[in-house]
Amino acid sequence: MVDTEASAVSALRAEAPLCADELFLALGECTLRLRSNSTQLLTLLADYFSHVVCEPLAHDIEVIAIERDAPELDIDFIDWKREPGKTGRKDSYAELRGARLVRKVRTGMVFLQSERQRIAAGPCLKYNNQLINFINSQYMNWLQNRGWLICHAAGLVYRGKCLGIAGFSGGGKSTLMLHIMDDDEVAYLSNDRLFVHAGSGQVLARGIPKLPRINPGTIVHNKKLQGLISAQQRKALLQLPAAELWELEDKYDVPVDRIYGANRIIPEAPLSAFLILDWQRDSERELQLERVDLTVQHDLLGALMKSPGPFYQHPDGTFQQDTAVFDDASYLAALEQVPVYVARGRVDFSSLSDRCLHELLA
């Protein structure tokens with residue numbers, strides 16, 4: 001029976017010997033060490049995290065990834081409640097003494113989270129994106145435990161200034177961000193996990209080392225991204241109704257350095273403006289961009305706040321609950337001095353890209 005952290009570690013590792021190779025990631029002031037029983041997996045992770053790989057250092061966090069079949073554990077998991085607008089089962093969890101197990105419902109991947117151990121176990125090579133998310137969640141915990149707020153937003157940097165881009169589910173924030181990155185002076189900071197911290201007279205924005213993950217609808221209309229799919233795939237996708245293509249979920253990673261050039265990823269920059277996408281594909285109104293006060297238009301705040309999720313462990317060792325409510329006041333205080341804009345009317349990526357660079361970040 002898996003009922004303690006020690007028994008969970010034993011069940012997940014299954015006596016798998018770890019490789020001599022290790023991988024170190026430099027994440028701002030945080031250093032993370034990755035270990036595994038699979039050299040192939042470490043090679044894959046070294047390629048994905050290439051822009052933050054560093055020489056061996058004293059580390060703050062260690063993650064162990066065990067390549068194996070999906071663990072079958074004698075334990076009852078509870079479904080983690082999805083966020084508003086999300087459907088279907090995604091995560092389930094089980095509380096242990098001093099630890100939490102999280103199981104991915106679709107893939108069977110299992111993760112152990114505690115103050116001492118962070119272990120991923122299952123078909124890590126096949127479902128490497130879930131492992132990458134788990135690795136990033138450790139850095140996200142590190143940031144949040146030091147006062148950074150998590151936003152469901154993309155982030156880009158232009159001439160040293162960051163623009164955060166939020167939107168309700170499926171609003172097109174990643175597509176807009178990549179449109180703006182066609183400008184060679186724009187750098188990538190984050191796809192959908194943007195962290196903000198107010199202090200010392202400015203608000204800072206920080207990203208995590210996760211590449212943009214986009215749907216086919218973003219790829220087919222962007223020349224720089226079309227190489228991510230075959231010509232035959234693109235032709236078939238363009239034959240779909242526009243509404244169906246917009247909603248199609250089939251994720252592709254965007255290798256930023258390869259497509260946009262070296263040194264196009266920036267880890268941190270001052271947050272100069274925030275944009276919330278509240279536009280509509282079927283709107284007949286022209287695109288409108290206006291500055292808003294989140295204390296007045298409070299409903300827009302929901303577009304940028306993000307739950308820390310089932311892996312979040314508070315500084316006192318307790319875990320995030322799916323019943324926890326957002327701390328609206330903290331977000332409002334952090335963004336008090338940051339101009340916030342909303343885009344309404346019809347979707348127009350080209351026009352809004354231009355206005356982001358020449359108005360919001362001028």
# chains A, B, ... in the order shown; residues from 1 in each chain; ligands from 1

$ closest_atom_pairs --of "stretch 114-228 of chain A" --to "stretch 88-98 of chain A" --cutoff "10 Å" --atoms "only C-alpha atoms" --output "JSON lines"
{"residue": "A:Ser114", "atom": "CA", "partner": "A:Gly98", "partner_atom": "CA", "distance": 6.4}
{"residue": "A:Glu115", "atom": "CA", "partner": "A:Gly98", "partner_atom": "CA", "distance": 7.8}
{"residue": "A:Arg116", "atom": "CA", "partner": "A:Gly98", "partner_atom": "CA", "distance": 9.4}

$ closest_atom_pairs --of "stretch 162-264 of chain A" --to "stretch 295-308 of chain A" --cutoff "7 Å" --atoms "only C-alpha atoms" --output "CSV"
residue,atom,partner,partner_atom,distance
A:Ala166,CA,A:Leu304,CA,5.3
A:Gly167,CA,A:Ala303,CA,5.3
A:Phe168,CA,A:Ala303,CA,5.2

$ residues_around --residues "stretch 346-353 of chain A" --least-positions-apart "4" --cutoff "10 Å" --atoms "only C-alpha atoms" --output "CSV table (one decimal) with C-alpha atoms, in the first residue's frame"
chain,number,residue,atom,x,y,z
A,171,GLY,CA,-8.5,34.0,-27.2
A,172,GLY,CA,-5.5,33.9,-29.5
A,173,LYS,CA,-2.7,35.2,-27.1
A,175,THR,CA,-1.0,33.6,-32.1
A,176,LEU,CA,-0.7,37.4,-31.4
A,177,MET,CA,2.6,37.0,-29.6
A,178,LEU,CA,4.1,35.1,-32.5
A,179,HIS,CA,2.8,37.6,-35.0
A,180,ILE,CA,4.5,40.3,-33.1
A,181,MET,CA,7.8,38.3,-33.0
A,182,ASP,CA,8.0,38.7,-36.7
A,183,ASP,CA,9.7,42.0,-35.8
A,277,LEU,CA,-7.9,40.1,-25.5
A,278,ASP,CA,-11.7,40.3,-25.3
A,279,TRP,CA,-12.3,40.3,-29.0
A,280,GLN,CA,-14.6,38.0,-31.0
A,281,ARG,CA,-14.1,36.1,-34.3
A,282,ASP,CA,-17.6,36.9,-35.5
A,283,SER,CA,-17.8,40.5,-34.4
A,284,GLU,CA,-18.7,43.1,-37.1
A,285,ARG,CA,-17.1,45.9,-35.0
A,286,GLU,CA,-13.7,47.3,-35.9
A,287,LEU,CA,-10.9,46.4,-33.6
A,288,GLN,CA,-10.9,48.8,-30.6
A,289,LEU,CA,-8.1,49.2,-28.1
A,357,LEU,CA,4.6,47.8,-30.8
A,358,HIS,CA,3.9,51.4,-31.7
A,359,GLU,CA,1.4,52.4,-29.0

$ select_by_dssp --residues "stretch 248-352 of chain A" --states "strand (DSSP E)" --output "mmCIF file with C-alpha atoms, in the first residue's frame"
data_model
loop_
_atom_site.group_PDB
_atom_site.id
_atom_site.type_symbol
_atom_site.label_atom_id
_atom_site.label_comp_id
_atom_site.auth_asym_id
_atom_site.auth_seq_id
_atom_site.Cartn_x
_atom_site.Cartn_y
_atom_site.Cartn_z
ATOM 1 C CA TYR A 252 3.213 21.818 -31.536
ATOM 2 C CA ASP A 253 6.304 23.193 -29.787
ATOM 3 C CA GLU A 268 13.053 38.772 -17.268
ATOM 4 C CA ALA A 269 12.186 42.387 -18.106
ATOM 5 C CA PRO A 270 10.287 45.347 -16.608
ATOM 6 C CA LEU A 271 6.546 44.999 -17.233
ATOM 7 C CA SER A 272 5.465 48.087 -19.163
ATOM 8 C CA ALA A 273 1.911 47.191 -20.188
ATOM 9 C CA PHE A 274 -0.705 44.449 -20.047
ATOM 10 C CA LEU A 275 -3.116 43.619 -22.853
ATOM 11 C CA ILE A 276 -6.305 41.585 -22.385
ATOM 12 C CA LEU A 277 -7.900 40.056 -25.474
ATOM 13 C CA GLN A 288 -10.860 48.792 -30.598
ATOM 14 C CA LEU A 289 -8.075 49.227 -28.058
ATOM 15 C CA GLU A 290 -8.730 51.082 -24.832
ATOM 16 C CA ARG A 291 -7.093 51.517 -21.462
ATOM 17 C CA VAL A 292 -9.066 50.065 -18.553
ATOM 18 C CA VAL A 340 -3.778 47.709 -18.729
ATOM 19 C CA TYR A 341 -5.524 47.687 -22.108
ATOM 20 C CA VAL A 342 -8.341 45.616 -23.571
ATOM 21 C CA ALA A 343 -8.848 44.728 -27.230
ATOM 22 C CA ARG A 344 -12.477 44.409 -28.322
#

$ closest_residue --among "A:Ala99, A:Leu238, A:Leu34, A:Ala243" --to "A:Val9" --atoms "only C-alpha atoms"
A:Ala99

$ closest_residue --among "A:Val2, A:Val63, A:Ala26, A:Ile265" --to "A:Asp76" --atoms "only C-alpha atoms"
A:Val2

$ residues_around --residues "A:Phe49" --least-positions-apart "2" --cutoff "9 Å" --atoms "only C-alpha atoms" --output "list in words"
Leu25, Leu44, Leu45, Ala46, Asp47, His51, Val52, Val53, Pro209, Lys210 and Leu211 of chain A

$ closest_residue --among "A:Ser7, A:Asn136, A:Gln144, A:Asn215" --to "A:Ser174" --atoms "only C-alpha atoms"
A:Asn215

$ decode --residues "stretch 276-326 of chain A" --atoms "N, CA and C atoms" --output "PDB file, in the first residue's frame"
ATOM      1  N   ILE A 276      -5.324  42.665 -22.549  1.00  0.00           N
ATOM      2  CA  ILE A 276      -6.305  41.585 -22.385  1.00  0.00           C
ATOM      3  C   ILE A 276      -7.125  41.480 -23.661  1.00  0.00           C
ATOM      4  N   LEU A 277      -7.155  40.287 -24.236  1.00  0.00           N
ATOM      5  CA  LEU A 277      -7.900  40.056 -25.474  1.00  0.00           C
ATOM      6  C   LEU A 277      -9.338  39.680 -25.146  1.00  0.00           C
ATOM      7  N   ASP A 278     -10.252  40.557 -25.490  1.00  0.00           N
ATOM      8  CA  ASP A 278     -11.682  40.311 -25.279  1.00  0.00           C
ATOM      9  C   ASP A 278     -12.415  40.503 -26.598  1.00  0.00           C
ATOM     10  N   TRP A 279     -11.712  40.142 -27.694  1.00  0.00           N
ATOM     11  CA  TRP A 279     -12.292  40.300 -29.031  1.00  0.00           C
ATOM     12  C   TRP A 279     -13.067  39.058 -29.446  1.00  0.00           C
ATOM     13  N   GLN A 280     -13.774  39.136 -30.559  1.00  0.00           N
ATOM     14  CA  GLN A 280     -14.632  38.031 -31.007  1.00  0.00           C
ATOM     15  C   GLN A 280     -14.402  37.778 -32.492  1.00  0.00           C
ATOM     16  N   ARG A 281     -14.303  36.502 -32.853  1.00  0.00           N
ATOM     17  CA  ARG A 281     -14.069  36.144 -34.258  1.00  0.00           C
ATOM     18  C   ARG A 281     -15.217  36.598 -35.164  1.00  0.00           C
ATOM     19  N   ASP A 282     -16.442  36.558 -34.645  1.00  0.00           N
ATOM     20  CA  ASP A 282     -17.605  36.860 -35.482  1.00  0.00           C
ATOM     21  C   ASP A 282     -18.113  38.294 -35.303  1.00  0.00           C
ATOM     22  N   SER A 283     -17.324  39.145 -34.647  1.00  0.00           N
ATOM     23  CA  SER A 283     -17.760  40.521 -34.424  1.00  0.00           C
ATOM     24  C   SER A 283     -17.711  41.325 -35.720  1.00  0.00           C
ATOM     25  N   GLU A 284     -18.676  42.216 -35.895  1.00  0.00           N
ATOM     26  CA  GLU A 284     -18.689  43.119 -37.051  1.00  0.00           C
ATOM     27  C   GLU A 284     -18.091  44.482 -36.704  1.00  0.00           C
ATOM     28  N   ARG A 285     -17.735  44.675 -35.427  1.00  0.00           N
ATOM     29  CA  ARG A 285     -17.148  45.940 -34.994  1.00  0.00           C
ATOM     30  C   ARG A 285     -15.662  45.976 -35.345  1.00  0.00           C
ATOM     31  N   GLU A 286     -15.175  47.148 -35.687  1.00  0.00           N
ATOM     32  CA  GLU A 286     -13.746  47.316 -35.919  1.00  0.00           C
ATOM     33  C   GLU A 286     -12.983  47.063 -34.613  1.00  0.00           C
ATOM     34  N   LEU A 287     -11.752  46.637 -34.747  1.00  0.00           N
ATOM     35  CA  LEU A 287     -10.905  46.429 -33.578  1.00  0.00           C
ATOM     36  C   LEU A 287     -10.780  47.729 -32.786  1.00  0.00           C
ATOM     37  N   GLN A 288     -10.993  47.638 -31.487  1.00  0.00           N
ATOM     38  CA  GLN A 288     -10.860  48.792 -30.598  1.00  0.00           C
ATOM     39  C   GLN A 288      -9.885  48.458 -29.481  1.00  0.00           C
ATOM     40  N   LEU A 289      -9.057  49.407 -29.118  1.00  0.00           N
ATOM     41  CA  LEU A 289      -8.075  49.227 -28.058  1.00  0.00           C
ATOM     42  C   LEU A 289      -8.237  50.365 -27.067  1.00  0.00           C
ATOM     43  N   GLU A 290      -8.529  50.031 -25.826  1.00  0.00           N
ATOM     44  CA  GLU A 290      -8.730  51.082 -24.832  1.00  0.00           C
ATOM     45  C   GLU A 290      -8.085  50.709 -23.507  1.00  0.00           C
ATOM     46  N   ARG A 291      -7.655  51.743 -22.786  1.00  0.00           N
ATOM     47  CA  ARG A 291      -7.093  51.517 -21.462  1.00  0.00           C
ATOM     48  C   ARG A 291      -8.228  51.318 -20.461  1.00  0.00           C
ATOM     49  N   VAL A 292      -8.018  50.390 -19.521  1.00  0.00           N
ATOM     50  CA  VAL A 292      -9.066  50.065 -18.553  1.00  0.00           C
ATOM     51  C   VAL A 292      -8.501  50.101 -17.140  1.00  0.00           C
ATOM     52  N   ASP A 293      -9.413  50.220 -16.198  1.00  0.00           N
ATOM     53  CA  ASP A 293      -9.104  50.165 -14.775  1.00  0.00           C
ATOM     54  C   ASP A 293      -9.654  48.844 -14.243  1.00  0.00           C
ATOM     55  N   LEU A 294      -8.772  47.937 -13.844  1.00  0.00           N
ATOM     56  CA  LEU A 294      -9.214  46.607 -13.397  1.00  0.00           C
ATOM     57  C   LEU A 294     -10.034  46.669 -12.111  1.00  0.00           C
ATOM     58  N   THR A 295      -9.875  47.729 -11.328  1.00  0.00           N
ATOM     59  CA  THR A 295     -10.701  47.838 -10.129  1.00  0.00           C
ATOM     60  C   THR A 295     -12.147  48.160 -10.485  1.00  0.00           C
ATOM     61  N   VAL A 296     -12.357  48.714 -11.677  1.00  0.00           N
ATOM     62  CA  VAL A 296     -13.708  49.026 -12.150  1.00  0.00           C
ATOM     63  C   VAL A 296     -14.235  47.891 -13.027  1.00  0.00           C
ATOM     64  N   GLN A 297     -13.457  47.491 -14.031  1.00  0.00           N
ATOM     65  CA  GLN A 297     -13.844  46.375 -14.894  1.00  0.00           C
ATOM     66  C   GLN A 297     -13.229  45.091 -14.339  1.00  0.00           C
ATOM     67  N   HIS A 298     -13.742  44.711 -13.185  1.00  0.00           N
ATOM     68  CA  HIS A 298     -13.158  43.632 -12.397  1.00  0.00           C
ATOM     69  C   HIS A 298     -13.265  42.289 -13.105  1.00  0.00           C
ATOM     70  N   ASP A 299     -14.229  42.106 -13.975  1.00  0.00           N
ATOM     71  CA  ASP A 299     -14.398  40.828 -14.663  1.00  0.00           C
ATOM     72  C   ASP A 299     -13.195  40.495 -15.542  1.00  0.00           C
ATOM     73  N   LEU A 300     -12.486  41.518 -16.009  1.00  0.00           N
ATOM     74  CA  LEU A 300     -11.320  41.279 -16.860  1.00  0.00           C
ATOM     75  C   LEU A 300     -10.150  40.689 -16.087  1.00  0.00           C
ATOM     76  N   LEU A 301     -10.155  40.861 -14.777  1.00  0.00           N
ATOM     77  CA  LEU A 301      -9.066  40.320 -13.960  1.00  0.00           C
ATOM     78  C   LEU A 301      -9.008  38.796 -14.077  1.00  0.00           C
ATOM     79  N   GLY A 302     -10.172  38.178 -14.255  1.00  0.00           N
ATOM     80  CA  GLY A 302     -10.220  36.720 -14.364  1.00  0.00           C
ATOM     81  C   GLY A 302      -9.482  36.182 -15.563  1.00  0.00           C
ATOM     82  N   ALA A 303      -9.267  37.018 -16.584  1.00  0.00           N
ATOM     83  CA  ALA A 303      -8.568  36.564 -17.780  1.00  0.00           C
ATOM     84  C   ALA A 303      -7.077  36.401 -17.548  1.00  0.00           C
ATOM     85  N   LEU A 304      -6.532  37.086 -16.550  1.00  0.00           N
ATOM     86  CA  LEU A 304      -5.077  37.024 -16.364  1.00  0.00           C
ATOM     87  C   LEU A 304      -4.644  36.271 -15.106  1.00  0.00           C
ATOM     88  N   MET A 305      -5.532  36.015 -14.162  1.00  0.00           N
ATOM     89  CA  MET A 305      -5.150  35.262 -12.974  1.00  0.00           C
ATOM     90  C   MET A 305      -5.072  33.769 -13.305  1.00  0.00           C
ATOM     91  N   LYS A 306      -4.151  33.073 -12.647  1.00  0.00           N
ATOM     92  CA  LYS A 306      -3.946  31.657 -12.909  1.00  0.00           C
ATOM     93  C   LYS A 306      -3.784  30.907 -11.595  1.00  0.00           C
ATOM     94  N   SER A 307      -4.472  29.757 -11.464  1.00  0.00           N
ATOM     95  CA  SER A 307      -4.305  28.931 -10.275  1.00  0.00           C
ATOM     96  C   SER A 307      -2.907  28.313 -10.254  1.00  0.00           C
ATOM     97  N   PRO A 308      -2.262  28.244  -9.096  1.00  0.00           N
ATOM     98  CA  PRO A 308      -0.952  27.593  -9.020  1.00  0.00           C
ATOM     99  C   PRO A 308      -1.001  26.107  -9.375  1.00  0.00           C
ATOM    100  N   GLY A 309      -2.169  25.456  -9.233  1.00  0.00           N
ATOM    101  CA  GLY A 309      -2.307  24.072  -9.659  1.00  0.00           C
ATOM    102  C   GLY A 309      -1.923  23.054  -8.593  1.00  0.00           C
ATOM    103  N   PRO A 310      -2.085  21.767  -8.917  1.00  0.00           N
ATOM    104  CA  PRO A 310      -1.929  20.707  -7.901  1.00  0.00           C
ATOM    105  C   PRO A 310      -0.499  20.485  -7.433  1.00  0.00           C
ATOM    106  N   PHE A 311       0.512  20.981  -8.158  1.00  0.00           N
ATOM    107  CA  PHE A 311       1.893  20.780  -7.737  1.00  0.00           C
ATOM    108  C   PHE A 311       2.373  21.859  -6.772  1.00  0.00           C
ATOM    109  N   TYR A 312       1.564  22.904  -6.556  1.00  0.00           N
ATOM    110  CA  TYR A 312       2.053  24.014  -5.753  1.00  0.00           C
ATOM    111  C   TYR A 312       2.064  23.671  -4.275  1.00  0.00           C
ATOM    112  N   GLN A 313       3.237  23.879  -3.682  1.00  0.00           N
ATOM    113  CA  GLN A 313       3.425  23.655  -2.255  1.00  0.00           C
ATOM    114  C   GLN A 313       3.799  24.978  -1.597  1.00  0.00           C
ATOM    115  N   HIS A 314       2.992  25.403  -0.645  1.00  0.00           N
ATOM    116  CA  HIS A 314       3.205  26.680   0.026  1.00  0.00           C
ATOM    117  C   HIS A 314       4.481  26.644   0.868  1.00  0.00           C
ATOM    118  N   PRO A 315       5.010  27.809   1.244  1.00  0.00           N
ATOM    119  CA  PRO A 315       6.236  27.835   2.050  1.00  0.00           C
ATOM    120  C   PRO A 315       6.133  27.042   3.348  1.00  0.00           C
ATOM    121  N   ASP A 316       4.908  26.902   3.906  1.00  0.00           N
ATOM    122  CA  ASP A 316       4.758  26.142   5.159  1.00  0.00           C
ATOM    123  C   ASP A 316       4.637  24.643   4.919  1.00  0.00           C
ATOM    124  N   GLY A 317       4.754  24.212   3.660  1.00  0.00           N
ATOM    125  CA  GLY A 317       4.700  22.790   3.349  1.00  0.00           C
ATOM    126  C   GLY A 317       3.334  22.270   2.951  1.00  0.00           C
ATOM    127  N   THR A 318       2.284  23.062   3.160  1.00  0.00           N
ATOM    128  CA  THR A 318       0.946  22.623   2.771  1.00  0.00           C
ATOM    129  C   THR A 318       0.768  22.771   1.262  1.00  0.00           C
ATOM    130  N   PHE A 319      -0.201  22.038   0.721  1.00  0.00           N
ATOM    131  CA  PHE A 319      -0.416  22.026  -0.718  1.00  0.00           C
ATOM    132  C   PHE A 319      -1.626  22.860  -1.119  1.00  0.00           C
ATOM    133  N   GLN A 320      -1.549  23.382  -2.342  1.00  0.00           N
ATOM    134  CA  GLN A 320      -2.670  24.107  -2.937  1.00  0.00           C
ATOM    135  C   GLN A 320      -3.897  23.190  -3.022  1.00  0.00           C
ATOM    136  N   GLN A 321      -5.079  23.748  -2.738  1.00  0.00           N
ATOM    137  CA  GLN A 321      -6.330  23.000  -2.858  1.00  0.00           C
ATOM    138  C   GLN A 321      -7.123  23.522  -4.051  1.00  0.00           C
ATOM    139  N   ASP A 322      -7.902  22.645  -4.675  1.00  0.00           N
ATOM    140  CA  ASP A 322      -8.652  23.093  -5.862  1.00  0.00           C
ATOM    141  C   ASP A 322      -9.869  23.932  -5.512  1.00  0.00           C
ATOM    142  N   THR A 323     -10.098  24.122  -4.211  1.00  0.00           N
ATOM    143  CA  THR A 323     -11.187  24.997  -3.755  1.00  0.00           C
ATOM    144  C   THR A 323     -10.682  26.405  -3.411  1.00  0.00           C
ATOM    145  N   ALA A 324      -9.368  26.616  -3.489  1.00  0.00           N
ATOM    146  CA  ALA A 324      -8.800  27.909  -3.118  1.00  0.00           C
ATOM    147  C   ALA A 324      -9.287  28.998  -4.079  1.00  0.00           C
ATOM    148  N   VAL A 325      -9.539  30.183  -3.533  1.00  0.00           N
ATOM    149  CA  VAL A 325     -10.006  31.301  -4.351  1.00  0.00           C
ATOM    150  C   VAL A 325      -8.817  32.216  -4.662  1.00  0.00           C
ATOM    151  N   PHE A 326      -8.935  32.970  -5.740  1.00  0.00           N
ATOM    152  CA  PHE A 326      -7.871  33.875  -6.134  1.00  0.00           C
ATOM    153  C   PHE A 326      -7.765  35.052  -5.158  1.00  0.00           C
TER     154      PHE A 326
END
